[in-house]
Amino acid sequence: MVHCSATRSGTDLLPDALDRMHRQRGFNGTGYHFYIRRDGTVVTARPIEKIGAHAKGYNAHSVGICYEGGLNRQGKAMDTRTEEQKESLASLIVWLKSKYPDSVVCGHRDLSPDLNGNGMIEPNEWIKMCPCFDAQAEYENLM
């Protein structure tokens with residue numbers, strides 16, 4: 001499951017600060033398994049064997065990946081991924097798919113409820129914009 005950190009473009013959110021934020025929310029550490037910095041560095045934030053704390057109701061059966069960013073300089077939701085982040089995210093997903101071949105890649109927003117019952121989660125139904133791009137469409141060919 002792909003997430004964004006909801007930090008403004010040009011603003012760093014160091015892994016330690018992310019960990020503190022999650023602990024302040026009552027988690028026992030960073031809720032994501034992986035955190036991808038703007039330079040493409042992949043930080044293992046939580047052991048993959050440990051249940052995440054990133055998507056209520058889905059944590060026991062998912063791996064949480066978060067990229068640093070997701071907001072433009074004005075604080076509006078936007079795909080702010082750098083080329084390095086895109087490359088690292090794709091590589092990480094390929095690796096995870098090799099470990100979990102039956103898994104499905106999705107964004108946090110894709111778990112929003114289907115309010116009109118038409119079988120599709122549409123933009124007007126998203127509880128969150130996260131991850132600010134269509135993760136399912138972007139990574140379906142990696143599977």
# chains A, B, ... in the order shown; residues from 1 in each chain; ligands from 1

$ select_by_dssp --residues "chain A" --states "helix (DSSP H, G or I)" --output "MDAnalysis selection string"
chainID A and resid 15:24 59:61 83:99 108:111 123:125 135:142

$ select_by_dssp --residues "chain A" --states "strand (DSSP E or B)" --output "PyMOL selection string"
chain A and resi 2-4+7-8+34-36+42-44+65-67+70-71+77+107

$ write_last_selection --atoms "C-alpha atoms" --output "short mmCIF file (atom, residue, chain, number, x, y, z; two decimals), in the first residue's frame"
data_model
loop_
_atom_site.label_atom_id
_atom_site.label_comp_id
_atom_site.auth_asym_id
_atom_site.auth_seq_id
_atom_site.Cartn_x
_atom_site.Cartn_y
_atom_site.Cartn_z
CA VAL A 2 1.48 3.31 -1.12
CA HIS A 3 1.22 6.45 1.01
CA CYS A 4 2.66 9.96 1.01
CA THR A 7 4.73 17.14 3.59
CA ARG A 8 5.19 20.19 1.41
CA PHE A 34 9.38 1.55 4.15
CA TYR A 35 9.96 5.27 3.77
CA ILE A 36 11.35 6.70 0.54
CA VAL A 42 14.72 3.62 0.93
CA VAL A 43 14.59 3.53 4.72
CA THR A 44 13.33 0.39 6.43
CA ILE A 65 5.31 2.21 1.76
CA CYS A 66 5.44 5.97 2.20
CA TYR A 67 7.20 8.51 0.05
CA GLY A 70 2.64 14.71 -1.42
CA LEU A 71 1.88 18.43 -1.07
CA ALA A 77 -2.24 17.57 -2.64
CA GLY A 107 -2.78 3.62 -2.78
#

$ closest_residue --among "A:Thr41, A:Gln74, A:Thr11, A:Thr30" --to "Leu89 (chain A)" --atoms "only C-alpha atoms"
A:Thr41

$ residues_around --residues "Tyr58 (chain A)" --least-positions-apart "5" --cutoff "9 Å" --atoms "only C-alpha atoms" --output "list in words"
Gly52, Ala53 and Leu111 of chain A

$ closest_residue --among "A:Ser5, A:Asn28, A:Ser103, A:Thr82" --to "Pro131 (chain A)" --atoms "only C-alpha atoms"
A:Ser5

$ residues_around --residues "Asp19 (chain A)" --least-positions-apart "3" --cutoff "10 Å" --atoms "only C-alpha atoms" --output "JSON, numbers by chain"
{"A": [13, 14, 15, 16, 22, 23, 24, 25, 27, 28, 29, 30, 31, 32, 45, 46]}
